[in-house]
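coords.pdb, holding PDB, C-alpha atoms:
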```
MODEL        1
ATOM      1  CA  MET A   1     -14.499  11.563   0.518
ATOM      2  CA  ALA A   2     -15.182  14.077   3.226
ATOM      3  CA  ASP A   3     -11.776  14.189   4.906
ATOM      4  CA  LEU A   4      -8.331  13.547   3.552
ATOM      5  CA  LEU A   5      -6.330  10.709   4.993
ATOM      6  CA  PRO A   6      -2.736  11.206   6.041
ATOM      7  CA  LEU A   7      -0.771  10.755   2.826
ATOM      8  CA  LYS A   8       0.877   7.472   3.825
ATOM      9  CA  PHE A   9      -2.493   5.884   4.579
ATOM     10  CA  ARG A  10      -3.957   7.267   1.357
ATOM     11  CA  ILE A  11      -1.130   5.564  -0.527
ATOM     12  CA  LEU A  12      -2.016   2.263   1.154
ATOM     13  CA  HIS A  13      -5.693   2.813   0.315
ATOM     14  CA  TYR A  14      -4.756   3.625  -3.288
ATOM     15  CA  ALA A  15      -2.651   0.456  -3.471
ATOM     16  CA  SER A  16      -5.680  -1.569  -2.382
ATOM     17  CA  LYS A  17      -7.576  -0.367  -5.469
ATOM     18  CA  ALA A  18      -4.792  -0.361  -8.102
ATOM     19  CA  LYS A  19      -2.832  -3.108  -9.806
ATOM     20  CA  ASP A  20       0.447  -1.178  -9.745
ATOM     21  CA  VAL A  21       1.590   1.764  -7.650
ATOM     22  CA  SER A  22       4.644   3.947  -8.208
ATOM     23  CA  ALA A  23       5.646   7.427  -7.141
ATOM     24  CA  ASN A  24       4.960   8.683 -10.684
ATOM     25  CA  ILE A  25       1.471   7.170 -10.755
ATOM     26  CA  LEU A  26       0.679   8.635  -7.328
ATOM     27  CA  LEU A  27       1.921  12.078  -8.383
ATOM     28  CA  GLN A  28      -0.512  12.004 -11.280
ATOM     29  CA  ASP A  29      -3.533  10.393  -9.643
ATOM     30  CA  LEU A  30      -3.489  12.053  -6.214
ATOM     31  CA  LYS A  31      -2.560  15.574  -7.340
ATOM     32  CA  GLY A  32      -6.169  16.741  -7.087
ATOM     33  CA  GLU A  33      -6.358  15.639  -3.441
ATOM     34  CA  TYR A  34      -2.869  16.427  -2.157
ATOM     35  CA  GLY A  35      -1.318  18.770  -4.736
ATOM     36  CA  SER A  36      -1.294  21.730  -2.359
ATOM     37  CA  ASP A  37       0.228  19.703   0.503
ATOM     38  CA  GLY A  38       3.875  20.570   1.115
ATOM     39  CA  GLN A  39       4.863  16.913   1.409
ATOM     40  CA  PHE A  40       3.306  16.002  -1.940
ATOM     41  CA  SER A  41       6.469  15.486  -3.958
ATOM     42  CA  LYS A  42       8.039  12.574  -5.767
ATOM     43  CA  LYS A  43      10.757  12.360  -3.117
ATOM     44  CA  MET A  44       8.245  12.164  -0.255
ATOM     45  CA  LEU A  45       6.002   9.709  -2.105
ATOM     46  CA  SER A  46       9.039   7.482  -2.696
ATOM     47  CA  HIS A  47       9.886   7.753   1.002
ATOM     48  CA  HIS A  48       6.350   6.726   2.008
ATOM     49  CA  LEU A  49       6.424   3.811  -0.444
ATOM     50  CA  ASP A  50       9.767   2.659   0.974
ATOM     51  CA  SER A  51       8.367   2.942   4.498
ATOM     52  CA  LEU A  52       5.264   0.905   3.641
ATOM     53  CA  ARG A  53       7.470  -1.706   1.961
ATOM     54  CA  ALA A  54       9.816  -1.882   4.966
ATOM     55  CA  VAL A  55       6.949  -2.829   7.295
ATOM     56  CA  GLY A  56       5.479  -5.341   4.842
ATOM     57  CA  MET A  57       2.333  -3.500   3.754
ATOM     58  CA  ILE A  58       3.372  -3.347   0.095
ATOM     59  CA  GLU A  59       5.879  -5.311  -1.979
ATOM     60  CA  VAL A  60       7.907  -4.602  -5.093
ATOM     61  CA  THR A  61       6.450  -6.089  -8.266
ATOM     62  CA  GLU A  62       8.735  -4.490 -10.838
ATOM     63  CA  ALA A  63      11.829  -2.322 -11.002
ATOM     64  CA  ASP A  64      12.964  -0.911 -14.327
ATOM     65  CA  PHE A  65      14.301   2.224 -15.953
ATOM     66  CA  ASP A  66      12.022   4.572 -17.850
ATOM     67  CA  THR A  67      12.901   6.237 -21.153
ATOM     68  CA  ASN A  68      14.771   8.979 -19.242
ATOM     69  CA  GLY A  69      16.959   6.433 -17.471
ATOM     70  CA  GLU A  70      15.202   7.000 -14.165
ATOM     71  CA  LEU A  71      14.500   4.024 -11.905
ATOM     72  CA  VAL A  72      10.782   3.281 -11.568
ATOM     73  CA  ILE A  73       9.700   0.870  -8.848
ATOM     74  CA  LYS A  74       6.172  -0.533  -8.875
ATOM     75  CA  TYR A  75       4.446  -1.991  -5.840
ATOM     76  CA  GLN A  76       1.324  -3.879  -4.868
ATOM     77  CA  ILE A  77      -0.417  -4.252  -1.535
ATOM     78  CA  THR A  78       0.262  -7.354   0.564
ATOM     79  CA  ASP A  79      -2.226  -9.347   2.630
ATOM     80  CA  TYR A  80      -0.797  -7.654   5.713
ATOM     81  CA  GLY A  81      -1.412  -4.261   4.113
ATOM     82  CA  LYS A  82      -4.978  -5.257   3.239
ATOM     83  CA  ASP A  83      -5.529  -6.250   6.854
ATOM     84  CA  ARG A  84      -4.378  -2.803   8.031
ATOM     85  CA  LEU A  85      -7.132  -1.174   5.956
ATOM     86  CA  LYS A  86      -9.550  -2.092   8.743
ATOM     87  CA  TYR A  87      -8.172   0.901  10.660
ATOM     88  CA  LEU A  88      -9.281   3.406   8.032
ATOM     89  CA  PRO A  89     -12.229   5.672   8.820
ATOM     90  CA  PRO A  90     -15.578   4.182   7.700
ATOM     91  CA  ALA A  91     -15.896   6.605   4.761
ATOM     92  CA  TRP A  92     -12.688   5.179   3.253
ATOM     93  CA  LYS A  93     -13.589   1.484   3.565
ATOM     94  CA  ASN A  94     -14.569  -0.235   0.301
TER      95      ASN A  94
ENDMDL
END
```

Using structure tokens, write down the structure that the file contains.
Amino acid sequence: MADLLPLKFRILHYASKAKDVSANILLQDLKGEYGSDGQFSKKMLSHHLDSLRAVGMIEVTEADFDTNGELVIKYQITDYGKDRLKYLPPAWKN
């Protein structure tokens, strides 16, 4: 992709291609694109996921504790979220 999307929109785009999305998965998979961005942290990714959930673009599919006792919440894109993808730049569609 030529240009990076704002991180929140990239998360929505990622969710449109993945079965499950969590802050941990995003940290791993988007590090190459956003690793040098100051907002690329687990805390900020969790905030963006919460924000996308609050407006109905993604929904919780699973919430469980990992082996370290840390809460892991997984999400998937909603139909409303899929509809919002039409606003992405042409290079990011499909």

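Residues within 10 Å of range 75-80 of chain A, counting all atoms listed in the file and excluding same-chain residues fewer than 6 positions away, are Ile11, Leu12, His13, Tyr14, Ala15, Ser16, Lys17, Ala18, Lys19, Asp20, Val21, Ser22, Ala23, Leu49, Asp50, Leu52, Arg53, Val55, Gly56, Met57, Ile58, Glu59, Val60, Thr61, Glu62 and Ala63 of chain A.
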
Correct to one decimal, the distance CA of Arg10 in chain A-CA of Glu33 in chain A is 9.9 Å

Go ahead and compute the interatomic distance for CA of Gly32 in chain A and CA of Lys82 in chain A, in Å to one decimal.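 Computing it gives 24.3 Å between the two atoms.
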
Do you have the CA of Asn24 in chain A-CA of Lys8 in chain A distance handy?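 Value for the CA of Asn24 in chain A-CA of Lys8 in chain A distance: 15.1 Å.
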
Around range 38-52 of chain A, fit a box with edges along x, y and z, padding it by 5 Å on each side, then list its centre and edge lengths in Å to one decimal as AutoDock Vina command-line options.
```
--center_x 7.0 --center_y 10.7 --center_z -0.6 --size_x 17.5 --size_y 29.7 --size_z 20.3
```

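Nearest residue to Leu5 in chain A, choosing from A:Leu45, A:Asp64, A:Tyr34, A:Leu26 and counting only C-alpha atoms: A:Tyr34.
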
Mind checking which residues fall within 12 Å of Ser41 in chain A, counting all atoms listed in the file, ignoring those fewer than 4 positions away in the same chain, and posting them as an MDAnalysis selection string? chainID A and resid 7 23:28 30:31 34:37 45:48

Repaired coordinates for range 9-42 of chain A (N, CA and C atoms) as a tab-separated table (two decimals), keeping the file's coordinate frame:
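For reference, part05.tsv as written:
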```tsv
chain	number	residue	atom	x	y	z
A	9	PHE	N	-1.34	6.78	4.56
A	9	PHE	CA	-2.49	5.88	4.58
A	9	PHE	C	-3.28	5.97	3.27
A	10	ARG	N	-3.29	7.13	2.66
A	10	ARG	CA	-3.96	7.27	1.36
A	10	ARG	C	-3.23	6.44	0.30
A	11	ILE	N	-1.90	6.40	0.40
A	11	ILE	CA	-1.13	5.56	-0.53
A	11	ILE	C	-1.50	4.10	-0.34
A	12	LEU	N	-1.62	3.65	0.90
A	12	LEU	CA	-2.02	2.26	1.15
A	12	LEU	C	-3.42	2.01	0.62
A	13	HIS	N	-4.33	2.94	0.85
A	13	HIS	CA	-5.69	2.81	0.32
A	13	HIS	C	-5.66	2.74	-1.20
A	14	TYR	N	-4.89	3.61	-1.83
A	14	TYR	CA	-4.76	3.62	-3.29
A	14	TYR	C	-4.24	2.27	-3.77
A	15	ALA	N	-3.24	1.74	-3.09
A	15	ALA	CA	-2.65	0.46	-3.47
A	15	ALA	C	-3.68	-0.68	-3.39
A	16	SER	N	-4.66	-0.53	-2.51
A	16	SER	CA	-5.68	-1.57	-2.38
A	16	SER	C	-6.64	-1.57	-3.57
A	17	LYS	N	-6.66	-0.49	-4.34
A	17	LYS	CA	-7.58	-0.37	-5.47
A	17	LYS	C	-6.87	-0.49	-6.82
A	18	ALA	N	-5.53	-0.39	-6.84
A	18	ALA	CA	-4.79	-0.36	-8.10
A	18	ALA	C	-3.94	-1.62	-8.27
A	19	LYS	N	-3.69	-1.96	-9.52
A	19	LYS	CA	-2.83	-3.11	-9.81
A	19	LYS	C	-1.38	-2.78	-9.51
A	20	ASP	N	-0.92	-1.63	-9.95
A	20	ASP	CA	0.45	-1.18	-9.74
A	20	ASP	C	0.45	0.21	-9.13
A	21	VAL	N	1.43	0.45	-8.27
A	21	VAL	CA	1.59	1.76	-7.65
A	21	VAL	C	3.06	2.16	-7.78
A	22	SER	N	3.29	3.39	-8.19
A	22	SER	CA	4.64	3.95	-8.21
A	22	SER	C	4.53	5.41	-7.82
A	23	ALA	N	5.66	6.01	-7.50
A	23	ALA	CA	5.65	7.43	-7.14
A	23	ALA	C	5.09	8.27	-8.29
A	24	ASN	N	5.45	7.93	-9.53
A	24	ASN	CA	4.96	8.68	-10.68
A	24	ASN	C	3.44	8.57	-10.83
A	25	ILE	N	2.92	7.38	-10.65
A	25	ILE	CA	1.47	7.17	-10.76
A	25	ILE	C	0.75	7.96	-9.66
A	26	LEU	N	1.29	7.90	-8.44
A	26	LEU	CA	0.68	8.64	-7.33
A	26	LEU	C	0.72	10.14	-7.56
A	27	LEU	N	1.83	10.64	-8.08
A	27	LEU	CA	1.92	12.08	-8.38
A	27	LEU	C	0.81	12.51	-9.32
A	28	GLN	N	0.53	11.69	-10.29
A	28	GLN	CA	-0.51	12.00	-11.28
A	28	GLN	C	-1.92	11.85	-10.69
A	29	ASP	N	-2.17	10.72	-10.06
A	29	ASP	CA	-3.53	10.39	-9.64
A	29	ASP	C	-4.00	11.07	-8.36
A	30	LEU	N	-3.08	11.44	-7.48
A	30	LEU	CA	-3.49	12.05	-6.21
A	30	LEU	C	-3.26	13.56	-6.18
A	31	LYS	N	-2.84	14.14	-7.29
A	31	LYS	CA	-2.56	15.57	-7.34
A	31	LYS	C	-3.78	16.40	-6.95
A	32	GLY	N	-4.95	16.00	-7.41
A	32	GLY	CA	-6.17	16.74	-7.09
A	32	GLY	C	-6.47	16.77	-5.60
A	33	GLU	N	-6.10	15.72	-4.88
A	33	GLU	CA	-6.36	15.64	-3.44
A	33	GLU	C	-5.25	16.28	-2.62
A	34	TYR	N	-4.00	16.05	-3.01
A	34	TYR	CA	-2.87	16.43	-2.16
A	34	TYR	C	-1.91	17.41	-2.81
A	35	GLY	N	-2.23	17.90	-4.00
A	35	GLY	CA	-1.32	18.77	-4.74
A	35	GLY	C	-0.87	20.01	-4.00
A	36	SER	N	-1.68	20.52	-3.09
A	36	SER	CA	-1.29	21.73	-2.36
A	36	SER	C	-0.58	21.41	-1.04
A	37	ASP	N	-0.46	20.13	-0.72
A	37	ASP	CA	0.23	19.70	0.50
A	37	ASP	C	1.73	19.80	0.30
A	38	GLY	N	2.43	20.38	1.24
A	38	GLY	CA	3.88	20.57	1.12
A	38	GLY	C	4.65	19.28	0.97
A	39	GLN	N	4.14	18.18	1.51
A	39	GLN	CA	4.86	16.91	1.41
A	39	GLN	C	4.53	16.15	0.13
A	40	PHE	N	3.68	16.70	-0.71
A	40	PHE	CA	3.31	16.00	-1.94
A	40	PHE	C	4.36	16.25	-3.01
A	41	SER	N	5.39	15.42	-2.98
A	41	SER	CA	6.47	15.49	-3.96
A	41	SER	C	6.90	14.06	-4.28
A	42	LYS	N	7.58	13.90	-5.38
A	42	LYS	CA	8.04	12.57	-5.77
A	42	LYS	C	8.96	11.99	-4.70
```
